[in-house]
$ cat start-v6.tsv   # TSV, C-alpha atoms and all ligand atoms
chain	number	residue	atom	x	y	z
A	1	MET	CA	210.58	-104.42	129.94
A	2	THR	CA	208.37	-101.60	131.23
A	3	ASN	CA	204.71	-101.25	130.40
A	4	SER	CA	202.11	-98.55	130.85
A	5	SER	CA	198.61	-98.10	129.53
A	6	ALA	CA	195.95	-95.40	129.63
A	7	PRO	CA	192.20	-95.36	128.89
A	8	GLY	CA	190.18	-93.28	126.45
A	9	LYS	CA	187.64	-90.65	127.56
A	10	ILE	CA	184.12	-89.60	126.68
A	11	ILE	CA	182.19	-86.43	127.48
A	12	LEU	CA	178.96	-87.18	129.38
A	13	PHE	CA	177.47	-83.69	129.82
A	14	GLY	CA	178.15	-80.04	129.11
A	15	GLU	CA	179.97	-79.98	125.75
A	16	HIS	CA	179.79	-76.59	124.00
A	17	ALA	CA	178.40	-74.91	127.14
A	18	VAL	CA	181.86	-75.53	128.63
A	19	VAL	CA	183.32	-73.02	126.16
A	20	TYR	CA	181.10	-70.39	127.88
A	21	GLY	CA	182.25	-71.24	131.39
A	22	ARG	CA	179.66	-73.88	132.28
A	23	PRO	CA	180.65	-77.25	133.80
A	24	GLU	CA	181.43	-80.31	131.72
A	25	LEU	CA	181.55	-83.94	132.91
A	26	ALA	CA	183.75	-86.57	131.29
A	27	VAL	CA	184.65	-90.13	132.26
A	28	PRO	CA	187.36	-92.63	131.34
A	29	VAL	CA	186.55	-95.32	128.77
A	30	THR	CA	188.51	-98.27	130.11
A	31	GLN	CA	187.36	-100.69	127.41
A	32	VAL	CA	189.78	-99.09	124.97
A	33	ARG	CA	193.40	-98.31	125.84
A	34	ALA	CA	196.70	-96.98	124.59
A	35	ASN	CA	199.54	-99.28	125.54
A	36	VAL	CA	203.31	-98.69	125.61
A	37	ASP	CA	206.06	-101.30	126.13
A	38	ILE	CA	209.65	-100.15	126.50
A	39	SER	CA	212.67	-102.43	126.51
A	40	ASP	CA	216.43	-101.93	126.32
A	41	SER	CA	217.63	-102.38	122.78
A	42	ALA	CA	220.81	-103.84	121.29
A	43	ARG	CA	220.49	-101.33	118.44
A	44	THR	CA	221.71	-97.76	118.83
A	45	GLY	CA	218.96	-95.19	119.19
A	46	MET	CA	215.30	-95.18	120.17
A	47	TRP	CA	213.28	-97.40	117.89
A	48	ILE	CA	209.59	-96.64	117.74
A	49	ASP	CA	207.30	-99.40	116.61
A	50	ALA	CA	203.70	-98.21	116.20
A	51	PRO	CA	202.05	-100.79	113.95
A	52	ASP	CA	198.57	-99.12	114.13
A	53	VAL	CA	199.94	-96.11	112.26
A	54	ASN	CA	202.47	-98.13	110.28
A	55	LEU	CA	205.43	-96.49	111.91
A	56	HIS	CA	208.70	-98.38	112.46
A	57	ALA	CA	211.63	-95.99	112.70
A	58	GLU	CA	214.35	-94.47	114.83
A	59	LEU	CA	213.35	-91.36	116.81
A	60	ASN	CA	215.74	-88.98	115.05
A	61	THR	CA	214.38	-89.87	111.61
A	62	HIS	CA	211.07	-88.21	112.64
A	63	PRO	CA	210.49	-84.49	112.34
A	64	SER	CA	210.70	-83.14	115.91
A	65	ASP	CA	207.05	-81.97	115.77
A	66	HIS	CA	205.83	-85.52	115.07
A	67	PRO	CA	203.40	-86.25	117.97
A	68	LEU	CA	205.35	-89.26	119.28
A	69	ALA	CA	208.75	-87.63	118.77
A	70	ALA	CA	207.51	-84.51	120.57
A	71	VAL	CA	206.55	-86.55	123.65
A	72	ILE	CA	209.92	-88.34	123.77
A	73	HIS	CA	212.06	-85.24	123.10
A	74	ASN	CA	210.15	-83.19	125.67
A	75	PHE	CA	210.31	-85.99	128.22
A	76	LEU	CA	214.07	-86.39	127.75
A	77	PHE	CA	214.37	-82.63	128.19
A	78	ILE	CA	212.41	-82.44	131.46
A	79	SER	CA	214.00	-85.59	132.90
A	80	ARG	CA	217.49	-84.29	132.04
A	81	VAL	CA	218.88	-87.72	131.05
A	82	SER	CA	222.59	-87.38	130.49
A	83	ALA	CA	222.95	-89.94	127.69
A	84	PHE	CA	220.27	-91.02	125.25
A	85	PRO	CA	219.43	-94.64	126.07
A	86	ASN	CA	219.02	-97.35	123.43
A	87	LEU	CA	215.40	-98.36	123.60
A	88	GLY	CA	212.70	-100.26	121.76
A	89	ILE	CA	209.36	-98.46	122.22
A	90	LYS	CA	206.24	-100.31	121.10
A	91	ILE	CA	203.03	-98.28	120.96
A	92	THR	CA	199.63	-99.80	120.29
A	93	SER	CA	196.13	-98.47	120.87
A	94	THR	CA	192.55	-99.69	120.60
A	95	ILE	CA	191.19	-96.15	121.02
A	96	PRO	CA	189.64	-94.96	117.74
A	97	VAL	CA	191.62	-91.94	116.52
A	98	ALA	CA	190.17	-88.47	115.87
A	99	SER	CA	186.78	-89.38	117.29
A	100	GLY	CA	186.63	-87.46	120.57
A	101	LEU	CA	187.87	-90.42	122.63
A	102	GLY	CA	191.16	-88.80	123.62
A	103	SER	CA	193.48	-91.17	121.75
A	104	GLY	CA	196.30	-88.59	121.52
A	105	ALA	CA	196.26	-87.76	125.23
A	106	ALA	CA	196.10	-91.48	126.13
A	107	VAL	CA	199.21	-92.26	124.06
A	108	THR	CA	201.03	-89.33	125.67
A	109	VAL	CA	200.08	-90.40	129.21
A	110	ALA	CA	201.07	-94.05	128.63
A	111	LEU	CA	204.31	-93.14	126.85
A	112	THR	CA	205.32	-90.59	129.51
A	113	ARG	CA	204.71	-93.02	132.37
A	114	ALA	CA	206.49	-95.88	130.57
A	115	LEU	CA	209.53	-93.68	129.85
A	116	ALA	CA	209.61	-92.40	133.42
A	117	SER	CA	209.39	-95.86	134.86
A	118	HIS	CA	211.95	-97.37	132.47
A	119	LEU	CA	214.43	-94.54	133.03
A	120	LYS	CA	213.73	-94.52	136.80
A	121	TYR	CA	212.57	-90.91	136.76
A	122	SER	CA	210.01	-90.23	139.44
A	123	ILE	CA	206.97	-88.36	138.12
A	124	THR	CA	203.74	-87.47	139.93
A	125	ASP	CA	200.24	-87.67	138.42
A	126	GLU	CA	200.11	-83.85	138.49
A	127	GLU	CA	203.31	-83.72	136.44
A	128	VAL	CA	202.02	-86.31	133.94
A	129	ASN	CA	198.83	-84.27	133.65
A	130	SER	CA	200.50	-80.93	133.00
A	131	PHE	CA	203.12	-82.48	130.69
A	132	THR	CA	200.30	-84.09	128.65
A	133	TYR	CA	198.44	-80.78	128.53
A	134	GLU	CA	201.53	-79.07	127.11
A	135	ILE	CA	201.81	-81.79	124.43
A	136	GLU	CA	198.07	-81.45	123.63
A	137	LYS	CA	198.61	-77.69	123.14
A	138	LEU	CA	201.30	-78.40	120.53
A	139	HIS	CA	198.80	-80.35	118.44
A	140	HIS	CA	195.38	-78.85	119.24
A	141	GLY	CA	196.04	-75.17	119.92
A	142	THR	CA	193.74	-74.42	122.85
A	143	PRO	CA	192.47	-77.70	124.27
A	144	SER	CA	190.19	-77.39	127.28
A	145	GLY	CA	192.39	-79.65	129.41
A	146	ILE	CA	189.71	-82.20	130.15
A	147	ASP	CA	191.20	-85.04	128.05
A	148	ASN	CA	194.57	-85.04	129.82
A	149	THR	CA	192.89	-84.80	133.24
A	150	VAL	CA	190.37	-87.64	132.79
A	151	ILE	CA	193.01	-89.87	131.21
A	152	THR	CA	195.85	-89.16	133.67
A	153	TYR	CA	193.71	-89.81	136.75
A	154	ALA	CA	191.44	-92.41	135.05
A	155	LYS	CA	188.57	-90.92	137.04
A	156	PRO	CA	185.39	-88.97	136.26
A	157	VAL	CA	186.12	-85.27	136.03
A	158	TYR	CA	183.96	-82.19	136.68
A	159	PHE	CA	185.52	-79.39	134.75
A	160	VAL	CA	184.87	-75.64	134.59
A	161	LYS	CA	187.07	-73.59	132.31
A	162	SER	CA	188.15	-70.13	133.36
A	163	LEU	CA	186.65	-67.28	131.33
A	164	SER	CA	189.48	-64.90	132.08
A	165	SER	CA	190.63	-64.42	128.49
A	166	PRO	CA	188.64	-62.25	126.07
A	167	GLU	CA	188.25	-65.24	123.76
A	168	ARG	CA	186.67	-67.21	126.59
A	169	ARG	CA	189.28	-69.92	126.08
A	170	GLY	CA	190.87	-68.99	129.35
A	171	VAL	CA	193.90	-70.31	131.08
A	172	GLY	CA	193.30	-72.16	134.28
A	173	ALA	CA	190.28	-74.17	135.17
A	174	GLU	CA	188.44	-75.68	138.06
A	175	VAL	CA	188.99	-79.42	137.79
A	176	GLU	CA	187.61	-81.90	140.28
A	177	THR	CA	187.68	-85.66	140.12
A	178	PHE	CA	184.65	-87.28	141.71
A	179	LYS	CA	183.40	-90.68	142.77
A	180	VAL	CA	180.87	-92.95	141.11
A	181	GLY	CA	178.26	-94.11	143.66
A	182	LYS	CA	177.41	-97.32	141.79
A	183	PRO	CA	179.08	-98.48	138.54
A	184	PHE	CA	177.09	-97.74	135.40
A	185	THR	CA	177.24	-98.92	131.81
A	186	ILE	CA	177.45	-96.79	128.71
A	187	VAL	CA	177.20	-97.77	125.07
A	188	ILE	CA	179.12	-95.49	122.72
A	189	GLY	CA	177.92	-95.42	119.12
A	190	ASP	CA	180.02	-93.85	116.39
A	191	THR	CA	178.16	-92.33	113.43
A	192	GLY	CA	181.30	-92.86	111.32
A	193	ILE	CA	180.98	-89.25	110.20
A	194	SER	CA	184.00	-87.13	110.95
A	195	ALA	CA	183.09	-83.56	111.77
A	196	PRO	CA	185.65	-81.00	112.94
A	197	THR	CA	184.85	-79.75	116.44
A	198	LYS	CA	186.23	-76.35	115.41
A	199	GLU	CA	183.33	-75.84	113.00
A	200	SER	CA	180.52	-76.67	115.40
A	201	VAL	CA	182.19	-74.54	118.08
A	202	GLY	CA	182.40	-71.67	115.53
A	203	ASP	CA	178.72	-72.05	114.59
A	204	VAL	CA	177.64	-71.94	118.23
A	205	ARG	CA	179.73	-68.83	118.63
A	206	ARG	CA	177.90	-67.13	115.74
A	207	LEU	CA	174.53	-68.02	117.31
A	208	TRP	CA	175.69	-66.63	120.64
A	209	LEU	CA	177.02	-63.41	119.10
A	210	ASN	CA	173.63	-62.83	117.44
A	211	ASP	CA	171.52	-63.31	120.55
A	212	LYS	CA	173.59	-63.61	123.69
A	213	SER	CA	170.77	-63.61	126.23
A	214	ARG	CA	168.90	-66.44	124.46
A	215	TRP	CA	171.96	-68.70	124.26
A	216	GLU	CA	173.26	-67.80	127.71
A	217	SER	CA	170.00	-69.14	129.09
A	218	VAL	CA	170.46	-72.38	127.10
A	219	PHE	CA	173.99	-72.68	128.54
A	220	ASP	CA	172.54	-72.10	132.02
A	221	LYS	CA	170.10	-74.98	131.51
A	222	ILE	CA	172.96	-77.23	130.39
A	223	ALA	CA	174.97	-76.12	133.44
A	224	GLU	CA	172.13	-77.11	135.73
A	225	ILE	CA	171.95	-80.51	134.01
A	226	SER	CA	175.71	-81.10	134.44
A	227	PHE	CA	175.54	-80.09	138.07
A	228	THR	CA	172.58	-82.39	138.77
A	229	ALA	CA	174.18	-85.21	136.75
A	230	ARG	CA	177.28	-85.12	138.93
A	231	ARG	CA	175.09	-85.62	142.03
A	232	ALA	CA	173.13	-88.40	140.25
A	233	ILE	CA	176.40	-90.20	139.42
A	234	GLU	CA	177.71	-89.79	142.97
A	235	GLN	CA	174.46	-91.17	144.38
A	236	GLY	CA	173.78	-93.84	141.75
A	237	HIS	CA	170.46	-92.44	140.46
A	238	TRP	CA	170.52	-93.94	136.98
A	239	GLU	CA	166.91	-93.22	135.96
A	240	MET	CA	167.54	-89.55	136.66
A	241	LEU	CA	170.87	-89.63	134.82
A	242	GLY	CA	169.16	-91.07	131.74
A	243	GLU	CA	166.55	-88.29	131.75
A	244	LEU	CA	169.27	-85.68	132.12
A	245	MET	CA	171.00	-87.13	129.01
A	246	ASN	CA	167.78	-86.76	127.01
A	247	GLU	CA	167.34	-83.16	128.18
A	248	ASN	CA	170.97	-82.31	127.38
A	249	HIS	CA	170.56	-83.81	123.90
A	250	GLN	CA	167.52	-81.61	123.21
A	251	LEU	CA	169.47	-78.51	124.20
A	252	LEU	CA	172.36	-79.57	121.92
A	253	GLN	CA	169.81	-79.95	119.11
A	254	LYS	CA	168.74	-76.35	119.79
A	255	LEU	CA	172.36	-75.32	119.51
A	256	THR	CA	172.31	-76.94	116.02
A	257	VAL	CA	175.24	-79.26	116.80
A	258	SER	CA	173.39	-82.55	116.50
A	259	SER	CA	172.70	-84.17	113.12
A	260	PRO	CA	170.08	-86.52	111.62
A	261	GLU	CA	172.47	-89.46	112.09
A	262	LEU	CA	173.14	-88.61	115.75
A	263	ASP	CA	169.42	-88.00	116.41
A	264	ASN	CA	168.60	-91.32	114.79
A	265	LEU	CA	171.11	-93.29	116.92
A	266	VAL	CA	169.89	-91.48	120.05
A	267	SER	CA	166.25	-92.41	119.42
A	268	VAL	CA	167.16	-95.97	118.39
A	269	ALA	CA	169.03	-96.38	121.70
A	270	CYS	CA	166.09	-95.03	123.71
A	271	ASN	CA	163.61	-97.23	121.81
A	272	SER	CA	165.69	-100.33	122.49
A	273	GLY	CA	165.78	-99.91	126.24
A	274	ALA	CA	168.43	-97.31	127.09
A	275	LEU	CA	167.68	-95.16	130.16
A	276	GLY	CA	168.68	-92.10	128.13
A	277	ALA	CA	170.98	-91.04	125.31
A	278	LYS	CA	172.67	-88.01	123.81
A	279	MET	CA	175.32	-86.96	121.35
A	280	SER	CA	178.80	-86.55	122.85
A	281	GLY	CA	181.57	-84.08	122.00
A	282	GLY	CA	181.68	-81.58	119.15
A	283	GLY	CA	178.67	-83.08	117.33
A	284	ARG	CA	177.40	-83.03	113.71
A	285	GLY	CA	178.99	-86.50	113.55
A	286	GLY	CA	181.25	-88.44	115.86
A	287	ASN	CA	179.82	-90.27	118.83
A	288	MET	CA	176.62	-90.61	120.80
A	289	ILE	CA	176.29	-92.28	124.18
A	290	ALA	CA	173.50	-94.29	125.78
A	291	LEU	CA	173.11	-95.12	129.46
A	292	VAL	CA	171.99	-98.74	129.85
A	293	THR	CA	171.39	-101.28	132.56
A	294	PRO	CA	173.92	-104.11	132.00
A	295	ASP	CA	171.18	-106.48	130.80
A	296	ARG	CA	170.22	-104.06	127.96
A	297	ALA	CA	173.78	-103.40	126.76
A	298	GLU	CA	173.70	-106.09	124.09
A	299	ALA	CA	170.24	-105.20	122.75
A	300	VAL	CA	171.13	-101.49	122.53
A	301	THR	CA	174.47	-102.30	120.88
A	302	SER	CA	172.86	-104.44	118.17
A	303	ALA	CA	170.11	-101.88	117.58
A	304	LEU	CA	172.75	-99.17	117.11
A	305	LYS	CA	174.72	-101.34	114.71
A	306	GLU	CA	171.57	-102.15	112.72
A	307	ALA	CA	170.79	-98.43	112.57
A	308	GLY	CA	174.18	-97.76	110.98
A	309	ALA	CA	176.62	-97.14	113.85
A	310	ARG	CA	180.10	-97.68	112.42
A	311	ASN	CA	181.58	-98.76	115.71
A	312	THR	CA	180.22	-99.41	119.20
A	313	ILE	CA	181.96	-99.65	122.56
A	314	VAL	CA	180.37	-100.86	125.78
A	315	THR	CA	182.13	-99.53	128.84
A	316	GLN	CA	181.55	-99.61	132.55
A	317	VAL	CA	182.23	-96.48	134.55
A	318	SER	CA	183.20	-97.16	138.13
B	401	LIG	O1	185.03	-83.44	120.10
B	401	LIG	P1	185.52	-83.57	121.50
B	401	LIG	O2	185.14	-84.84	122.18
B	401	LIG	O3	186.95	-83.23	121.66
B	401	LIG	O4	184.69	-82.49	122.36
B	401	LIG	C1	184.60	-81.14	122.08
B	401	LIG	C2	183.88	-80.47	123.21
B	401	LIG	C3	183.48	-79.03	122.96
B	401	LIG	O5	182.86	-78.59	124.15
B	401	LIG	C4	182.50	-78.90	121.83
B	401	LIG	C5	184.69	-78.15	122.63
B	401	LIG	C6	185.65	-77.89	123.76
B	401	LIG	O6	186.76	-77.39	123.48
B	401	LIG	O7	185.35	-78.14	124.93
$ encode --input "start-v6.tsv" --output "structure tokens" --more "lines below"
Ligand code: PMV
Amino acid sequence: MTNSSAPGKIILFGEHAVVYGRPELAVPVTQVRANVDISDSARTGMWIDAPDVNLHAELNTHPSDHPLAAVIHNFLFISRVSAFPNLGIKITSTIPVASGLGSGAAVTVALTRALASHLKYSITDEEVNSFTYEIEKLHHGTPSGIDNTVITYAKPVYFVKSLSSPERRGVGAEVETFKVGKPFTIVIGDTGISAPTKESVGDVRRLWLNDKSRWESVFDKIAEISFTARRAIEQGHWEMLGELMNENHQLLQKLTVSSPELDNLVSVACNSGALGAKMSGGGRGGNMIALVTPDRAEAVTSALKEAGARNTIVTQVS
């Protein structure tokens, strides 16, 4: 049997501003994982067993654009296997779906690596990363590329998207992994409200079109925060990192992408001992994050739950 697993991801700084060419920071969330086990099967075909999504079927009974089928078909294509092997493929994940934690990219990374290892096909991290990006494009149109990168390398990523295309959703990006000076702890709180990222991105775009110089200067402030935050993470300055989260949250409020529920969880976290907190990702719903010292993790988690967080995850970034 061959096994592979991949973490989730969370954006720490720079969401929305990243669309306008400013840096974004994201880190792996190792507390939740996608896991793939592959074994040779006595039955003919490739049998996918994904109990979390209630899927138990042979590969060719799926439409070819099904996310899991797309990964397998594309992998078999690039690896040029001569005969389709008989396999049992079990896929499980503890990463909440559709909540900005990169569950799709994590399944693709784990599945690709498990297939490669089981079929003895040698694949580099760079190849896993670009393969996963291609799969993300099939399902999400124009993803920034940060999910596949953070999840493939399981490292913090500093990401600047190219602005070469007129739509500012350019091809190519500056992507750097970087080191964490001292491990730090984050509590993730989910509002339980699902809000499409596309809408908040569209609203920010309308603001920007109406008054470019005003919003460009907000994006510049966020860029400065992301830049300073990277240094703070590399040097282990947690007090400073917490303050930067608070400042970034205020700027996201200005951009109208926070919500009463996110603001409430952010202030609850700060009032119960977090060093700082902010919304994370597209906003309007979804997740917030709080930076905590390990001894405050439990208190902040219970305060968030009491304040209505649907789900909480405590994760250490190292
Ligand atoms: O909702 P998430 O976690 O996928 O984050 C979206 C981040 C944005 O900056 C708002 C959009 C983007 O494409 O980068």
$ residues_near_ligand --input "start-v6.tsv" --ligand "ligand LIG 401 (chain B)" --cutoff "8 Å" --atoms "only C-alpha atoms and all ligand atoms" --output "number ranges by chain"
A: 10-11, 14-19, 24, 99-102, 142-144, 146-147, 196-198, 200-201, 280-283, 286
$ atom_distance --input "start-v6.tsv" --atom1 "CA of Asp40 in chain A" --atom2 "CA of Pro85 in chain A"
7.9 Å
$ closest_residue --input "start-v6.tsv" --among "A:Ile186, A:Val317, A:Ala309, A:Leu209" --to "Val292 in chain A" --atoms "all atoms listed in the file"
A:Ile186
$ atom_distance --input "start-v6.tsv" --atom1 "CA of Pro63 in chain A" --atom2 "CA of Leu111 in chain A"
18.0 Å
$ closest_residue --input "start-v6.tsv" --among "A:Thr228, A:Thr312, A:Asn35, A:Thr185" --to "Ser4 in chain A" --atoms "only C-alpha atoms"
A:Asn35
$ atom_distance --input "start-v6.tsv" --atom1 "CA of Ala297 in chain A" --atom2 "CA of Ile233 in chain A"
18.5 Å
$ residues_around --input "start-v6.tsv" --residues "range 187-192 of chain A" --least-positions-apart "6" --cutoff "7 Å" --atoms "all atoms listed in the file" --output "list in words"
Glu261, Leu262, Gly285, Gly286, Asn287, Met288, Ile289, Ala290, Leu291, Ala297, Thr301, Leu304, Ala309, Arg310, Asn311, Thr312, Ile313, Val314 and Thr315 of chain A
$ closest_residue --input "start-v6.tsv" --among "A:Val53, A:Ala116, A:Ala42, A:Val150" --to "Pro28 in chain A" --atoms "all atoms listed in the file"
A:Val150
$ closest_residue --input "start-v6.tsv" --among "A:His237, A:His66, A:Arg284, A:Lys9" --to "Ala34 in chain A" --atoms "all atoms listed in the file"
A:Lys9
$ closest_residue --input "start-v6.tsv" --among "A:Arg205, A:Asn246, A:Ala195, A:Ala303" --to "Ser259 in chain A" --atoms "only C-alpha atoms"
A:Ala195
$ closest_residue --input "start-v6.tsv" --among "A:Met240, A:Leu255, A:Ala173, A:Met245" --to "Ser217 in chain A" --atoms "only C-alpha atoms"
A:Leu255
$ residues_around --input "start-v6.tsv" --residues "Leu59 in chain A" --least-positions-apart "5" --cutoff "10 Å" --atoms "only C-alpha atoms" --output "list in words"
Gly45, Met46, Trp47, Ile48, Ser64, His66, Leu68, Ala69, Ala70, Ile72, His73, Leu87 and Ile89 of chain A
$ residues_around --input "start-v6.tsv" --residues "Asn264 in chain A" --least-positions-apart "4" --cutoff "8 Å" --atoms "only C-alpha atoms" --output "number ranges by chain"
A: 260, 268, 307
$ decode --input "start-v6.tsv" --residues "range 171-189 of chain A" --atoms "N, CA and C atoms" --output "PDB file, in the first residue's frame"
ATOM      1  N   VAL A 171      -0.596  35.962 -15.537  1.00  0.00           N
ATOM      2  CA  VAL A 171       0.074  34.669 -15.522  1.00  0.00           C
ATOM      3  C   VAL A 171       1.463  34.903 -14.928  1.00  0.00           C
ATOM      4  N   GLY A 172       1.926  33.942 -14.213  1.00  0.00           N
ATOM      5  CA  GLY A 172       3.259  34.089 -13.633  1.00  0.00           C
ATOM      6  C   GLY A 172       3.171  34.828 -12.326  1.00  0.00           C
ATOM      7  N   ALA A 173       4.048  34.525 -11.431  1.00  0.00           N
ATOM      8  CA  ALA A 173       4.004  35.157 -10.129  1.00  0.00           C
ATOM      9  C   ALA A 173       5.352  34.995  -9.474  1.00  0.00           C
ATOM     10  N   GLU A 174       5.600  35.887  -8.513  1.00  0.00           N
ATOM     11  CA  GLU A 174       6.808  35.725  -7.713  1.00  0.00           C
ATOM     12  C   GLU A 174       6.396  34.923  -6.483  1.00  0.00           C
ATOM     13  N   VAL A 175       6.980  33.766  -6.316  1.00  0.00           N
ATOM     14  CA  VAL A 175       6.592  32.899  -5.200  1.00  0.00           C
ATOM     15  C   VAL A 175       7.838  32.528  -4.422  1.00  0.00           C
ATOM     16  N   GLU A 176       7.862  32.858  -3.160  1.00  0.00           N
ATOM     17  CA  GLU A 176       9.023  32.473  -2.348  1.00  0.00           C
ATOM     18  C   GLU A 176       8.544  31.758  -1.108  1.00  0.00           C
ATOM     19  N   THR A 177       9.171  30.608  -0.802  1.00  0.00           N
ATOM     20  CA  THR A 177       8.889  30.010   0.500  1.00  0.00           C
ATOM     21  C   THR A 177       9.844  30.677   1.488  1.00  0.00           C
ATOM     22  N   PHE A 178       9.444  30.746   2.739  1.00  0.00           N
ATOM     23  CA  PHE A 178      10.343  31.371   3.720  1.00  0.00           C
ATOM     24  C   PHE A 178      10.260  30.645   5.061  1.00  0.00           C
ATOM     25  N   LYS A 179      11.227  30.949   5.916  1.00  0.00           N
ATOM     26  CA  LYS A 179      11.362  30.192   7.161  1.00  0.00           C
ATOM     27  C   LYS A 179      10.678  30.900   8.326  1.00  0.00           C
ATOM     28  N   VAL A 180      10.213  30.074   9.273  1.00  0.00           N
ATOM     29  CA  VAL A 180       9.587  30.613  10.480  1.00  0.00           C
ATOM     30  C   VAL A 180      10.673  30.647  11.567  1.00  0.00           C
ATOM     31  N   GLY A 181      10.947  31.839  12.110  1.00  0.00           N
ATOM     32  CA  GLY A 181      12.013  31.978  13.109  1.00  0.00           C
ATOM     33  C   GLY A 181      11.749  31.141  14.351  1.00  0.00           C
ATOM     34  N   LYS A 182      10.536  31.267  14.885  1.00  0.00           N
ATOM     35  CA  LYS A 182      10.121  30.501  16.069  1.00  0.00           C
ATOM     36  C   LYS A 182       8.697  30.051  15.795  1.00  0.00           C
ATOM     37  N   PRO A 183       8.340  28.783  16.104  1.00  0.00           N
ATOM     38  CA  PRO A 183       6.970  28.333  15.805  1.00  0.00           C
ATOM     39  C   PRO A 183       5.926  29.245  16.460  1.00  0.00           C
ATOM     40  N   PHE A 184       4.803  29.418  15.804  1.00  0.00           N
ATOM     41  CA  PHE A 184       3.725  30.202  16.416  1.00  0.00           C
ATOM     42  C   PHE A 184       2.389  29.493  16.233  1.00  0.00           C
ATOM     43  N   THR A 185       1.445  29.882  17.093  1.00  0.00           N
ATOM     44  CA  THR A 185       0.156  29.180  17.133  1.00  0.00           C
ATOM     45  C   THR A 185      -0.953  30.089  16.635  1.00  0.00           C
ATOM     46  N   ILE A 186      -1.805  29.509  15.831  1.00  0.00           N
ATOM     47  CA  ILE A 186      -2.943  30.251  15.276  1.00  0.00           C
ATOM     48  C   ILE A 186      -4.229  29.503  15.591  1.00  0.00           C
ATOM     49  N   VAL A 187      -5.251  30.256  15.975  1.00  0.00           N
ATOM     50  CA  VAL A 187      -6.580  29.658  16.100  1.00  0.00           C
ATOM     51  C   VAL A 187      -7.387  30.141  14.905  1.00  0.00           C
ATOM     52  N   ILE A 188      -8.002  29.198  14.201  1.00  0.00           N
ATOM     53  CA  ILE A 188      -8.847  29.543  13.051  1.00  0.00           C
ATOM     54  C   ILE A 188     -10.293  29.395  13.503  1.00  0.00           C
ATOM     55  N   GLY A 189     -11.091  30.416  13.291  1.00  0.00           N
ATOM     56  CA  GLY A 189     -12.508  30.350  13.669  1.00  0.00           C
ATOM     57  C   GLY A 189     -13.362  30.515  12.426  1.00  0.00           C
TER      58      GLY A 189
END
